[in-house]
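Colleague: Below you'll find input37.pdb; it's PDB, C-alpha atoms.
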```pdb
MODEL        1
ATOM      1  CA  MET K 395     -13.333  -6.815   5.761
ATOM      2  CA  THR K 396     -10.861  -6.122   8.492
ATOM      3  CA  SER K 397      -8.097  -3.616   8.725
ATOM      4  CA  VAL K 398      -5.291  -4.830   6.495
ATOM      5  CA  PHE K 399      -7.020  -4.338   3.170
ATOM      6  CA  GLU K 400      -8.644  -1.083   4.086
ATOM      7  CA  ASN K 401      -7.467   2.371   3.335
ATOM      8  CA  VAL K 402      -5.036   2.565   6.253
ATOM      9  CA  LEU K 403      -3.577   5.920   7.052
ATOM     10  CA  SER K 404      -1.337   6.036  10.045
ATOM     11  CA  PRO K 405      -2.807   8.044  12.905
ATOM     12  CA  ALA K 406       0.496   8.247  14.777
ATOM     13  CA  VAL K 407       1.642  11.777  13.954
ATOM     14  CA  TYR K 408       3.990  13.423  16.471
ATOM     15  CA  PHE K 409       6.684  16.075  16.681
ATOM     16  CA  ASP K 410      10.160  14.566  16.299
ATOM     17  CA  ARG K 411      12.462  16.519  18.585
ATOM     18  CA  ASN K 412      15.677  15.142  17.061
ATOM     19  CA  PHE K 413      14.880  16.454  13.600
ATOM     20  CA  GLY K 414      12.631  19.321  14.699
ATOM     21  CA  ILE K 415       9.903  18.263  12.306
ATOM     22  CA  GLU K 416       6.446  16.698  12.357
ATOM     23  CA  ALA K 417       6.634  12.946  11.855
ATOM     24  CA  ALA K 418       4.264  10.088  11.064
ATOM     25  CA  LYS K 419       5.136   6.617  12.293
ATOM     26  CA  ILE K 420       3.776   3.747  10.238
ATOM     27  CA  LEU K 421       3.310   0.131  11.260
ATOM     28  CA  PRO K 422       3.093  -3.086   9.198
ATOM     29  CA  GLY K 423       0.196  -2.879   6.733
ATOM     30  CA  GLU K 424      -0.014   0.914   6.858
ATOM     31  CA  TYR K 425       1.005   3.708   4.530
ATOM     32  CA  TYR K 426       1.219   7.484   4.721
ATOM     33  CA  THR K 427       1.396  10.197   2.080
ATOM     34  CA  THR K 428       2.022  13.917   2.437
ATOM     35  CA  SER K 429       2.784  17.058   0.488
ATOM     36  CA  ARG K 430       4.005  18.847   3.589
ATOM     37  CA  GLU K 431       7.490  19.089   5.059
ATOM     38  CA  MET K 432       7.282  15.957   7.163
ATOM     39  CA  LEU K 433       9.174  12.899   8.212
ATOM     40  CA  ILE K 434       7.742   9.402   7.741
ATOM     41  CA  VAL K 435       9.292   6.794  10.013
ATOM     42  CA  THR K 436       9.073   3.034  10.220
ATOM     43  CA  VAL K 437      10.961   0.071  11.616
ATOM     44  CA  LEU K 438      11.436  -2.912   9.318
ATOM     45  CA  GLY K 439      12.399  -6.488   9.985
ATOM     46  CA  SER K 440      11.612  -8.794   7.094
ATOM     47  CA  CYS K 441       8.973  -6.362   5.809
ATOM     48  CA  VAL K 442       9.743  -3.917   3.027
ATOM     49  CA  ALA K 443       8.984  -0.226   2.682
ATOM     50  CA  ALA K 444       8.790   1.743  -0.551
ATOM     51  CA  CYS K 445       9.452   5.482  -0.258
ATOM     52  CA  LEU K 446       7.897   7.090  -3.333
ATOM     53  CA  ARG K 447       8.167  10.699  -4.385
ATOM     54  CA  ASP K 448       7.208  12.975  -7.241
ATOM     55  CA  PRO K 449      10.106  15.484  -7.353
ATOM     56  CA  VAL K 450       8.042  18.165  -9.102
ATOM     57  CA  THR K 451       5.007  18.340  -6.803
ATOM     58  CA  ARG K 452       7.137  17.154  -3.846
ATOM     59  CA  ILE K 453       4.443  14.717  -2.834
ATOM     60  CA  GLY K 454       5.856  11.712  -1.051
ATOM     61  CA  GLY K 455       4.644   8.567   0.627
ATOM     62  CA  MET K 456       5.814   5.404   2.305
ATOM     63  CA  ASN K 457       4.245   2.004   2.829
ATOM     64  CA  HIS K 458       5.273  -0.936   4.997
ATOM     65  CA  PHE K 459       4.207  -4.447   4.041
ATOM     66  CA  MET K 460       5.057  -8.095   3.590
ATOM     67  CA  LEU K 461       3.593 -10.755   1.353
ATOM     68  CA  PRO K 462       1.224 -13.361   2.772
ATOM     69  CA  GLU K 463       2.932 -16.673   3.487
ATOM     70  CA  THR K 464       1.658 -19.261   1.063
ATOM     71  CA  ASP K 465       3.167 -21.999  -1.069
ATOM     72  CA  GLU K 466       2.409 -19.982  -4.172
ATOM     73  CA  SER K 467       5.454 -18.623  -5.950
ATOM     74  CA  LEU K 468       5.886 -15.032  -7.036
ATOM     75  CA  GLU K 469       5.826 -16.363 -10.595
ATOM     76  CA  ALA K 470       2.092 -17.015 -10.206
ATOM     77  CA  ILE K 471       0.744 -13.834 -11.794
ATOM     78  CA  THR K 472      -2.599 -13.996 -10.044
ATOM     79  CA  GLY K 473      -1.316 -15.788  -6.931
ATOM     80  CA  LEU K 474      -2.141 -14.414  -3.493
ATOM     81  CA  PRO K 475       1.341 -13.000  -2.700
ATOM     82  CA  THR K 476       1.487 -11.071  -5.977
ATOM     83  CA  ARG K 477      -2.064  -9.794  -5.629
ATOM     84  CA  TYR K 478      -1.566  -8.588  -2.081
ATOM     85  CA  GLY K 479       1.813  -6.980  -2.780
ATOM     86  CA  THR K 480       0.443  -5.231  -5.848
ATOM     87  CA  PHE K 481      -2.470  -3.969  -3.787
ATOM     88  CA  ALA K 482      -0.154  -2.607  -1.064
ATOM     89  CA  MET K 483       1.829  -0.702  -3.681
ATOM     90  CA  GLU K 484      -1.207   0.495  -5.585
ATOM     91  CA  MET K 485      -2.874   1.951  -2.487
ATOM     92  CA  LEU K 486       0.171   4.142  -1.902
ATOM     93  CA  ILE K 487       0.516   5.187  -5.551
ATOM     94  CA  ASN K 488      -3.204   5.969  -5.899
ATOM     95  CA  GLN K 489      -3.191   8.149  -2.805
ATOM     96  CA  MET K 490      -0.244  10.115  -4.213
ATOM     97  CA  LEU K 491      -1.992  10.496  -7.590
ATOM     98  CA  LYS K 492      -5.109  11.778  -5.850
ATOM     99  CA  MET K 493      -2.985  14.406  -4.120
ATOM    100  CA  GLY K 494      -1.600  15.544  -7.473
ATOM    101  CA  ALA K 495       1.519  13.444  -8.065
ATOM    102  CA  GLN K 496       2.209  12.304 -11.616
ATOM    103  CA  ARG K 497       2.806   8.600 -12.094
ATOM    104  CA  SER K 498       5.428   9.079 -14.811
ATOM    105  CA  ARG K 499       7.591  11.196 -12.457
ATOM    106  CA  ILE K 500       7.498   8.936  -9.412
ATOM    107  CA  GLU K 501      10.844   7.679  -8.095
ATOM    108  CA  ALA K 502      11.380   4.978  -5.489
ATOM    109  CA  LYS K 503      13.748   4.183  -2.660
ATOM    110  CA  ILE K 504      13.270   0.716  -1.202
ATOM    111  CA  PHE K 505      14.301  -0.778   2.125
ATOM    112  CA  GLY K 506      13.996  -3.827   4.333
ATOM    113  CA  GLY K 507      13.610  -7.512   3.626
ATOM    114  CA  GLY K 508      16.107  -8.503   6.313
ATOM    115  CA  LYS K 509      16.481 -12.109   7.381
ATOM    116  CA  VAL K 510      15.426 -11.403  10.937
ATOM    117  CA  LEU K 511      12.546 -13.784  11.635
ATOM    118  CA  HIS K 512      12.650 -17.406  12.674
ATOM    119  CA  GLY K 513       9.966 -20.043  12.550
ATOM    120  CA  PHE K 514       8.249 -18.918   9.364
ATOM    121  CA  THR K 515       7.065 -21.562   6.928
ATOM    122  CA  VAL K 516       8.656 -19.766   4.018
ATOM    123  CA  SER K 517      12.399 -19.939   4.596
ATOM    124  CA  ASP K 518      13.364 -16.368   3.813
ATOM    125  CA  VAL K 519      10.340 -14.086   3.789
ATOM    126  CA  GLY K 520      12.556 -10.997   3.687
ATOM    127  CA  ALA K 521      14.195 -12.008   0.403
ATOM    128  CA  ARG K 522      10.793 -12.751  -1.108
ATOM    129  CA  ASN K 523       9.451  -9.341  -0.074
ATOM    130  CA  ALA K 524      12.530  -7.650  -1.525
ATOM    131  CA  GLU K 525      12.241  -9.588  -4.770
ATOM    132  CA  PHE K 526       8.589  -8.639  -5.107
ATOM    133  CA  VAL K 527       9.082  -4.919  -4.606
ATOM    134  CA  ARG K 528      11.986  -4.802  -7.076
ATOM    135  CA  HIS K 529      10.002  -6.722  -9.679
ATOM    136  CA  PHE K 530       6.857  -4.628  -9.179
ATOM    137  CA  LEU K 531       8.727  -1.356  -9.699
ATOM    138  CA  GLU K 532      10.417  -2.739 -12.804
ATOM    139  CA  VAL K 533       7.079  -3.781 -14.333
ATOM    140  CA  GLU K 534       5.578  -0.395 -13.460
ATOM    141  CA  ASN K 535       8.575   1.413 -14.900
ATOM    142  CA  ILE K 536       9.207   3.308 -11.649
ATOM    143  CA  PRO K 537      12.961   3.962 -11.242
ATOM    144  CA  VAL K 538      14.663   2.807  -8.049
ATOM    145  CA  VAL K 539      17.070   5.605  -7.116
ATOM    146  CA  ALA K 540      18.298   4.019  -3.868
ATOM    147  CA  GLU K 541      17.903   0.752  -2.003
ATOM    148  CA  ASP K 542      19.072  -1.009   1.121
ATOM    149  CA  LEU K 543      17.614  -4.507   1.148
ATOM    150  CA  LEU K 544      18.280  -7.990   2.610
ATOM    151  CA  ASP K 545      21.083  -8.545   5.178
ATOM    152  CA  ILE K 546      20.247  -9.735   8.695
ATOM    153  CA  TYR K 547      19.455  -6.543  10.602
ATOM    154  CA  PRO K 548      16.212  -4.744  11.320
ATOM    155  CA  ARG K 549      16.235  -1.160  10.054
ATOM    156  CA  LYS K 550      14.762   2.127  11.155
ATOM    157  CA  VAL K 551      13.936   4.223   8.104
ATOM    158  CA  TYR K 552      13.461   8.007   8.168
ATOM    159  CA  PHE K 553      11.970   9.421   4.960
ATOM    160  CA  PHE K 554      11.874  13.199   4.467
ATOM    161  CA  ALA K 555       8.964  13.133   2.059
ATOM    162  CA  GLN K 556       9.397  16.556   0.465
ATOM    163  CA  THR K 557      13.113  16.360  -0.258
ATOM    164  CA  GLY K 558      13.299  12.600  -0.768
ATOM    165  CA  ARG K 559      16.194  12.263   1.662
ATOM    166  CA  VAL K 560      16.298   8.964   3.543
ATOM    167  CA  LEU K 561      18.278   7.970   6.601
ATOM    168  CA  VAL K 562      18.571   4.287   7.488
ATOM    169  CA  LYS K 563      19.701   3.098  10.867
ATOM    170  CA  LYS K 564      20.622  -0.600  11.019
ATOM    171  CA  LEU K 565      19.606  -1.913  14.408
ATOM    172  CA  ARG K 566      22.515  -4.176  15.265
ATOM    173  CA  SER K 567      21.360  -4.826  18.781
ATOM    174  CA  VAL K 568      17.670  -4.950  19.480
ATOM    175  CA  HIS K 569      16.728  -4.951  23.135
ATOM    176  CA  ASN K 570      13.330  -6.527  22.787
ATOM    177  CA  ASN K 571      11.246  -8.511  20.354
ATOM    178  CA  THR K 572       8.704  -5.816  19.482
ATOM    179  CA  ILE K 573       9.647  -5.634  15.793
ATOM    180  CA  ILE K 574       9.551  -9.387  15.339
ATOM    181  CA  GLU K 575       6.304  -9.788  17.283
ATOM    182  CA  ARG K 576       4.609  -7.042  15.290
ATOM    183  CA  GLU K 577       5.620  -8.679  12.031
ATOM    184  CA  ARG K 578       4.459 -12.085  13.257
ATOM    185  CA  ASP K 579       1.042 -10.644  14.162
ATOM    186  CA  TYR K 580       0.798  -8.936  10.787
ATOM    187  CA  SER K 581       1.788 -12.134   8.975
ATOM    188  CA  ALA K 582      -0.854 -14.088  10.913
ATOM    189  CA  ARG K 583      -3.511 -11.496   9.984
ATOM    190  CA  LEU K 584      -2.594 -11.841   6.328
ATOM    191  CA  ARG K 585      -2.784 -15.611   6.469
ATOM    192  CA  TYR K 586      -6.341 -15.668   7.767
ATOM    193  CA  GLN K 587      -7.762 -12.911   5.691
ATOM    194  CA  GLU K 588     -10.018 -13.179   2.680
ATOM    195  CA  PRO K 589      -7.795 -11.683  -0.018
ATOM    196  CA  ALA K 590     -10.491 -10.011  -2.045
ATOM    197  CA  GLY K 591     -12.611  -6.894  -1.988
ATOM    198  CA  ASP K 592     -16.388  -6.671  -2.398
ATOM    199  CA  VAL K 593     -18.192  -7.279  -5.645
ATOM    200  CA  GLU K 594     -21.443  -5.485  -6.376
ATOM    201  CA  LEU K 595     -23.592  -5.621  -9.492
ATOM    202  CA  PHE K 596     -25.868  -2.617  -9.821
ATOM    203  CA  SER K 597     -28.636  -4.079 -11.977
TER     204      SER K 597
ATOM    205  CA  MET O 958     -15.966 -16.533 -31.366
ATOM    206  CA  ALA O 959     -14.235 -15.470 -28.172
ATOM    207  CA  LYS O 960     -15.816 -12.551 -26.339
ATOM    208  CA  ARG O 961     -13.675  -9.436 -26.361
ATOM    209  CA  ILE O 962     -12.772  -7.543 -23.192
ATOM    210  CA  LEU O 963     -11.044  -4.172 -22.810
ATOM    211  CA  THR O 964      -9.100  -3.689 -19.553
ATOM    212  CA  VAL O 965      -8.137  -0.115 -18.678
ATOM    213  CA  ASP O 966      -5.643   0.440 -15.844
ATOM    214  CA  ASP O 967      -2.551   2.601 -15.400
ATOM    215  CA  SER O 968      -0.837  -0.178 -13.456
ATOM    216  CA  ALA O 969       0.958  -2.668 -15.706
ATOM    217  CA  SER O 970       0.861  -5.243 -12.893
ATOM    218  CA  ILE O 971      -2.926  -5.063 -12.644
ATOM    219  CA  ARG O 972      -3.338  -5.253 -16.438
ATOM    220  CA  GLN O 973      -1.119  -8.355 -16.458
ATOM    221  CA  MET O 974      -3.179 -10.000 -13.722
ATOM    222  CA  VAL O 975      -6.532  -9.205 -15.298
ATOM    223  CA  ALA O 976      -5.380 -10.278 -18.773
ATOM    224  CA  PHE O 977      -3.904 -13.510 -17.418
ATOM    225  CA  ALA O 978      -7.069 -14.427 -15.504
ATOM    226  CA  LEU O 979      -9.427 -13.685 -18.399
ATOM    227  CA  LYS O 980      -7.293 -15.145 -21.200
ATOM    228  CA  SER O 981      -6.976 -18.382 -19.208
ATOM    229  CA  ALA O 982     -10.771 -18.607 -19.358
ATOM    230  CA  GLY O 983     -10.822 -18.123 -23.138
ATOM    231  CA  TYR O 984     -11.594 -14.426 -23.426
ATOM    232  CA  GLU O 985      -9.781 -12.126 -25.792
ATOM    233  CA  VAL O 986      -8.245  -9.223 -23.856
ATOM    234  CA  THR O 987      -7.033  -5.813 -25.024
ATOM    235  CA  GLU O 988      -5.151  -3.512 -22.633
ATOM    236  CA  ALA O 989      -5.240   0.280 -22.355
ATOM    237  CA  VAL O 990      -3.041   2.364 -20.025
ATOM    238  CA  ASP O 991      -5.514   5.114 -19.104
ATOM    239  CA  GLY O 992      -8.959   6.520 -19.810
ATOM    240  CA  ASN O 993      -7.950   8.336 -23.002
ATOM    241  CA  ALA O 994      -6.275   5.245 -24.455
ATOM    242  CA  GLY O 995      -9.288   3.169 -23.390
ATOM    243  CA  LEU O 996     -11.707   5.498 -25.141
ATOM    244  CA  THR O 997      -9.601   5.418 -28.323
ATOM    245  CA  GLN O 998      -9.531   1.608 -28.266
ATOM    246  CA  ALA O 999     -13.263   1.393 -27.599
ATOM    247  CA  ARG O1000     -14.006   3.711 -30.528
ATOM    248  CA  SER O1001     -11.810   1.763 -32.948
ATOM    249  CA  GLN O1002     -13.210  -1.699 -32.205
ATOM    250  CA  ALA O1003     -16.173  -3.333 -30.487
ATOM    251  CA  PHE O1004     -15.852  -4.890 -27.036
ATOM    252  CA  ASP O1005     -18.318  -7.080 -25.152
ATOM    253  CA  LEU O1006     -17.113  -5.859 -21.763
ATOM    254  CA  VAL O1007     -15.039  -2.955 -20.456
ATOM    255  CA  LEU O1008     -13.187  -3.227 -17.125
ATOM    256  CA  THR O1009     -11.774   0.019 -15.811
ATOM    257  CA  ASP O1010      -9.791   1.362 -12.890
ATOM    258  CA  GLN O1011     -10.849   4.683 -11.322
ATOM    259  CA  ASN O1012      -7.650   6.597 -10.454
ATOM    260  CA  MET O1013      -5.645   7.050 -13.642
ATOM    261  CA  PRO O1014      -3.649   9.892 -15.189
ATOM    262  CA  GLY O1015      -5.456  11.920 -17.840
ATOM    263  CA  MET O1016      -8.978  10.534 -17.795
ATOM    264  CA  ASP O1017     -10.284   8.667 -14.758
ATOM    265  CA  GLY O1018     -12.629   5.691 -14.798
ATOM    266  CA  LEU O1019     -15.862   7.583 -14.069
ATOM    267  CA  THR O1020     -15.167  10.008 -16.927
ATOM    268  CA  LEU O1021     -14.347   7.112 -19.231
ATOM    269  CA  ILE O1022     -17.681   5.458 -18.423
ATOM    270  CA  ARG O1023     -19.557   8.722 -19.018
ATOM    271  CA  ASN O1024     -17.840   9.084 -22.408
ATOM    272  CA  LEU O1025     -18.515   5.473 -23.353
ATOM    273  CA  ARG O1026     -22.184   5.698 -22.440
ATOM    274  CA  ALA O1027     -22.486   8.686 -24.776
ATOM    275  CA  LEU O1028     -21.453   6.460 -27.701
ATOM    276  CA  PRO O1029     -24.395   4.573 -29.242
ATOM    277  CA  GLN O1030     -22.366   1.336 -29.537
ATOM    278  CA  TYR O1031     -21.598   1.362 -25.768
ATOM    279  CA  GLU O1032     -25.028   2.373 -24.513
ATOM    280  CA  LYS O1033     -25.763  -1.155 -23.246
ATOM    281  CA  THR O1034     -22.284  -2.747 -23.039
ATOM    282  CA  PRO O1035     -21.432  -4.006 -19.530
ATOM    283  CA  ILE O1036     -18.798  -1.801 -17.878
ATOM    284  CA  LEU O1037     -17.249  -2.860 -14.575
ATOM    285  CA  MET O1038     -15.165  -0.742 -12.243
ATOM    286  CA  LEU O1039     -12.130  -2.526 -10.768
ATOM    287  CA  THR O1040     -10.678  -0.161  -8.192
ATOM    288  CA  THR O1041      -9.193   0.303  -4.735
ATOM    289  CA  GLU O1042     -12.041   2.776  -4.074
ATOM    290  CA  ALA O1043     -14.446   1.053  -1.709
ATOM    291  CA  GLY O1044     -16.529   4.008  -0.477
ATOM    292  CA  ASP O1045     -20.292   4.168  -0.979
ATOM    293  CA  SER O1046     -20.248   7.659  -2.459
ATOM    294  CA  MET O1047     -17.821   6.553  -5.189
ATOM    295  CA  LYS O1048     -19.995   3.527  -5.919
ATOM    296  CA  GLN O1049     -23.038   5.772  -6.195
ATOM    297  CA  GLN O1050     -21.202   8.009  -8.633
ATOM    298  CA  GLY O1051     -20.275   4.917 -10.619
ATOM    299  CA  ARG O1052     -23.868   3.824 -10.713
ATOM    300  CA  ALA O1053     -24.982   7.303 -11.741
ATOM    301  CA  VAL O1054     -22.631   7.445 -14.747
ATOM    302  CA  GLY O1055     -23.743   4.003 -15.890
ATOM    303  CA  ALA O1056     -21.344   1.416 -14.431
ATOM    304  CA  THR O1057     -22.746  -2.114 -14.477
ATOM    305  CA  GLY O1058     -20.921  -3.151 -11.319
ATOM    306  CA  TRP O1059     -18.141  -2.390  -8.871
ATOM    307  CA  LEU O1060     -15.249  -4.675  -7.897
ATOM    308  CA  VAL O1061     -12.954  -3.606  -5.078
ATOM    309  CA  LYS O1062      -9.255  -4.528  -5.258
ATOM    310  CA  PRO O1063      -7.472  -6.657  -4.310
ATOM    311  CA  PHE O1064      -9.483  -8.718  -6.745
ATOM    312  CA  ASP O1065      -9.921 -12.445  -6.595
ATOM    313  CA  PRO O1066      -9.434 -13.871 -10.134
ATOM    314  CA  GLN O1067     -12.195 -16.417  -9.471
ATOM    315  CA  LYS O1068     -14.670 -13.687  -8.513
ATOM    316  CA  LEU O1069     -13.661 -11.619 -11.526
ATOM    317  CA  LEU O1070     -14.390 -14.614 -13.756
ATOM    318  CA  GLU O1071     -17.736 -15.274 -12.063
ATOM    319  CA  VAL O1072     -18.847 -11.680 -12.577
ATOM    320  CA  THR O1073     -17.567 -11.647 -16.172
ATOM    321  CA  ARG O1074     -19.516 -14.823 -16.965
ATOM    322  CA  LYS O1075     -22.589 -13.377 -15.313
ATOM    323  CA  VAL O1076     -22.570 -10.191 -17.379
ATOM    324  CA  ILE O1077     -21.376 -11.471 -20.778
ATOM    325  CA  GLY O1078     -21.555 -15.268 -20.567
TER     326      GLY O1078
ENDMDL
END
```
Mind turning this structure into structure tokens?
Modeller:
Amino acid sequence: MTSVFENVLSPAVYFDRNFGIEAAKILPGEYYTTSREMLIVTVLGSCVAACLRDPVTRIGGMNHFMLPETDESLEAITGLPTRYGTFAMEMLINQMLKMGAQRSRIEAKIFGGGKVLHGFTVSDVGARNAEFVRHFLEVENIPVVAEDLLDIYPRKVYFFAQTGRVLVKKLRSVHNNTIIERERDYSARLRYQEPAGDVELFS
Amino acid sequence: MAKRILTVDDSASIRQMVAFALKSAGYEVTEAVDGNAGLTQARSQAFDLVLTDQNMPGMDGLTLIRNLRALPQYEKTPILMLTTEAGDSMKQQGRAVGATGWLVKPFDPQKLLEVTRKVIG
């Protein structure tokens, strides 16, 4: 098993001088959860990020993912895109539950899914990612209290995990291709990865 | 008669996936939303296999297995963990409380079916 399906916690924690607060930056395929007064930051192209928070315990977390590119539709309940997306969401939720969050109180703010990439086999990966995250939260009965999805711009998302406040900066002019290249690499990793965990029988 | 399977998971998406995969193969599937609900279901009717998640509100998977193993009718019933927990120490705990096997998510429906057939036919 390589990195994408593992328990990825972002190591990139730094002090954000603009906001005067400790911040964690997450990349595609990663997630981060905290109960401290912290900022979680990510930059999204066609990927989506769910910012989840339990308002009582003030435990919050953010993920950053996209669905693997396959011909399978999202309607396929056990298809690869649905399984991977569900896994990405479940990893984040489970980590929050382990820290003491209560599932029934969790609220979501969702971002990303821009139409920013070219040359993908699926015509609009951003829209598919957005559709998945909306549908997942509906099935799980997790209310979406804010969203900024689709459109054509990459976004920088700042999530203040304790208060739930989110700032979104739409990046109307991007000076280099870093965001797009990162997402392409991530997409390629997903395409060539065995989408299943280990199976072990004890007896 | 179709074999009966109880799937216990707090995620509705996972329950849907597991139920879809197993029903397609002819099994009868009952869903429970957490360990407490799973234990209640297991007490009220007999199952040939129990599949459970680990991290759930109320009662977690390991506790559910411990409780099931204490019931005479579930002393020998196969119980599989289906969880995002992939660490060895968790697996050892699972083994110690009487789990039959451990499947790490994301699960492959084909593999789930193979293991199910192996343990209950």
Colleague: Which residues, written as JSON, numbers by chain, have at least one atom at most 8 Å from region 989-998 of chain O, with all atoms listed in the file counted and residues fewer than 5 positions away on the same chain left out?
Modeller: {"O": [963, 964, 965, 966, 967, 968, 969, 1013, 1014, 1015, 1016, 1017, 1018, 1020, 1021, 1024, 1025]}
Colleague: Tell me which residues the PyMOL selection byres ((chain K and resi 442) around 6) grabs here, as a ChimeraX atom specification.
Modeller: /K:441,443,458-459,505-507
Colleague: Please report as a Markdown table every residue of chain O lying within 6 Å of chain K, along with the nearest atom pair and their distance in Å (one decimal), using all atoms listed in the file.
Modeller:
```
| residue | atom | partner | partner_atom | distance |
| --- | --- | --- | --- | --- |
| O:Ala969 | CA | K:Glu534 | CA | 5.6 |
| O:Met974 | CA | K:Thr472 | CA | 5.5 |
| O:Thr1057 | CA | K:Phe596 | CA | 5.6 |
| O:Gly1058 | CA | K:Leu595 | CA | 4.1 |
| O:Trp1059 | CA | K:Glu594 | CA | 5.2 |
| O:Leu1060 | CA | K:Val593 | CA | 4.5 |
| O:Val1061 | CA | K:Gly591 | CA | 4.5 |
| O:Lys1062 | CA | K:Gly591 | CA | 5.2 |
| O:Pro1063 | CA | K:Ala590 | CA | 5.0 |
| O:Phe1064 | CA | K:Ala590 | CA | 5.0 |
| O:Asp1065 | CA | K:Ala590 | CA | 5.2 |
```
Colleague: Could you write out that same residue set with C-alpha atoms as an mmCIF file, in the frame of the given file?
Modeller:
```cif
data_model
loop_
_atom_site.group_PDB
_atom_site.id
_atom_site.type_symbol
_atom_site.label_atom_id
_atom_site.label_comp_id
_atom_site.auth_asym_id
_atom_site.auth_seq_id
_atom_site.Cartn_x
_atom_site.Cartn_y
_atom_site.Cartn_z
ATOM 1 C CA ALA O 969 0.958 -2.668 -15.706
ATOM 2 C CA MET O 974 -3.179 -10.000 -13.722
ATOM 3 C CA THR O 1057 -22.746 -2.114 -14.477
ATOM 4 C CA GLY O 1058 -20.921 -3.151 -11.319
ATOM 5 C CA TRP O 1059 -18.141 -2.390 -8.871
ATOM 6 C CA LEU O 1060 -15.249 -4.675 -7.897
ATOM 7 C CA VAL O 1061 -12.954 -3.606 -5.078
ATOM 8 C CA LYS O 1062 -9.255 -4.528 -5.258
ATOM 9 C CA PRO O 1063 -7.472 -6.657 -4.310
ATOM 10 C CA PHE O 1064 -9.483 -8.718 -6.745
ATOM 11 C CA ASP O 1065 -9.921 -12.445 -6.595
#
```
Colleague: Please list, as a list of chain:residue names, the residues that have an atom at most 6 Å away from (10.2, 6.4, -1.0) in the coordinates of this file, counting all atoms listed in the file.
Modeller: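 It turns out the residues near that spot are K:Ala444, K:Cys445, K:Leu446, K:Arg447, K:Met456, K:Ala502, K:Lys503.
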Colleague: In Å, how far is it from CA of Gly520 (chain K) to CA of Leu461 (chain K)?
Modeller: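 Here the two named atoms are 9.3 Å from each other.
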Colleague: What gap, in Å, lies between CA of Glu985 (chain O) and CA of Val1076 (chain O)?
Modeller: 15.4 Å
Colleague: When the PyMOL selection byres ((chain K and resi 549) around 6) is applied to the file above, which residues end up in the set, as a PyMOL selection string?
Modeller: chain K and resi 437-438+548+550+563-565
Colleague: Give me the residues within 6 Å of Gln556 (chain K) as a list in words, counting all atoms listed in the file and dropping any in the same chain fewer than 2 places off.
Modeller: Glu431, Arg452, Phe554 and Gly558 of chain K
Colleague: Quick check on the file I pasted: which residues fall under the PyMOL selection byres ((chain O and resi 1035) around 9)? Write them as a PyMOL selection string.
Modeller: chain O and resi 1005-1008+1031-1034+1036-1037+1056-1058+1076-1077
Colleague: So that I have them on file, write out the residues from the current selection with C-alpha atoms, as a PDB file, keeping the file's coordinate frame.
Modeller:
```
ATOM      1  CA  ASP O1005     -18.318  -7.080 -25.152  1.00  0.00           C
ATOM      2  CA  LEU O1006     -17.113  -5.859 -21.763  1.00  0.00           C
ATOM      3  CA  VAL O1007     -15.039  -2.955 -20.456  1.00  0.00           C
ATOM      4  CA  LEU O1008     -13.187  -3.227 -17.125  1.00  0.00           C
ATOM      5  CA  TYR O1031     -21.598   1.362 -25.768  1.00  0.00           C
ATOM      6  CA  GLU O1032     -25.028   2.373 -24.513  1.00  0.00           C
ATOM      7  CA  LYS O1033     -25.763  -1.155 -23.246  1.00  0.00           C
ATOM      8  CA  THR O1034     -22.284  -2.747 -23.039  1.00  0.00           C
ATOM      9  CA  ILE O1036     -18.798  -1.801 -17.878  1.00  0.00           C
ATOM     10  CA  LEU O1037     -17.249  -2.860 -14.575  1.00  0.00           C
ATOM     11  CA  ALA O1056     -21.344   1.416 -14.431  1.00  0.00           C
ATOM     12  CA  THR O1057     -22.746  -2.114 -14.477  1.00  0.00           C
ATOM     13  CA  GLY O1058     -20.921  -3.151 -11.319  1.00  0.00           C
ATOM     14  CA  VAL O1076     -22.570 -10.191 -17.379  1.00  0.00           C
ATOM     15  CA  ILE O1077     -21.376 -11.471 -20.778  1.00  0.00           C
TER      16      ILE O1077
END
```
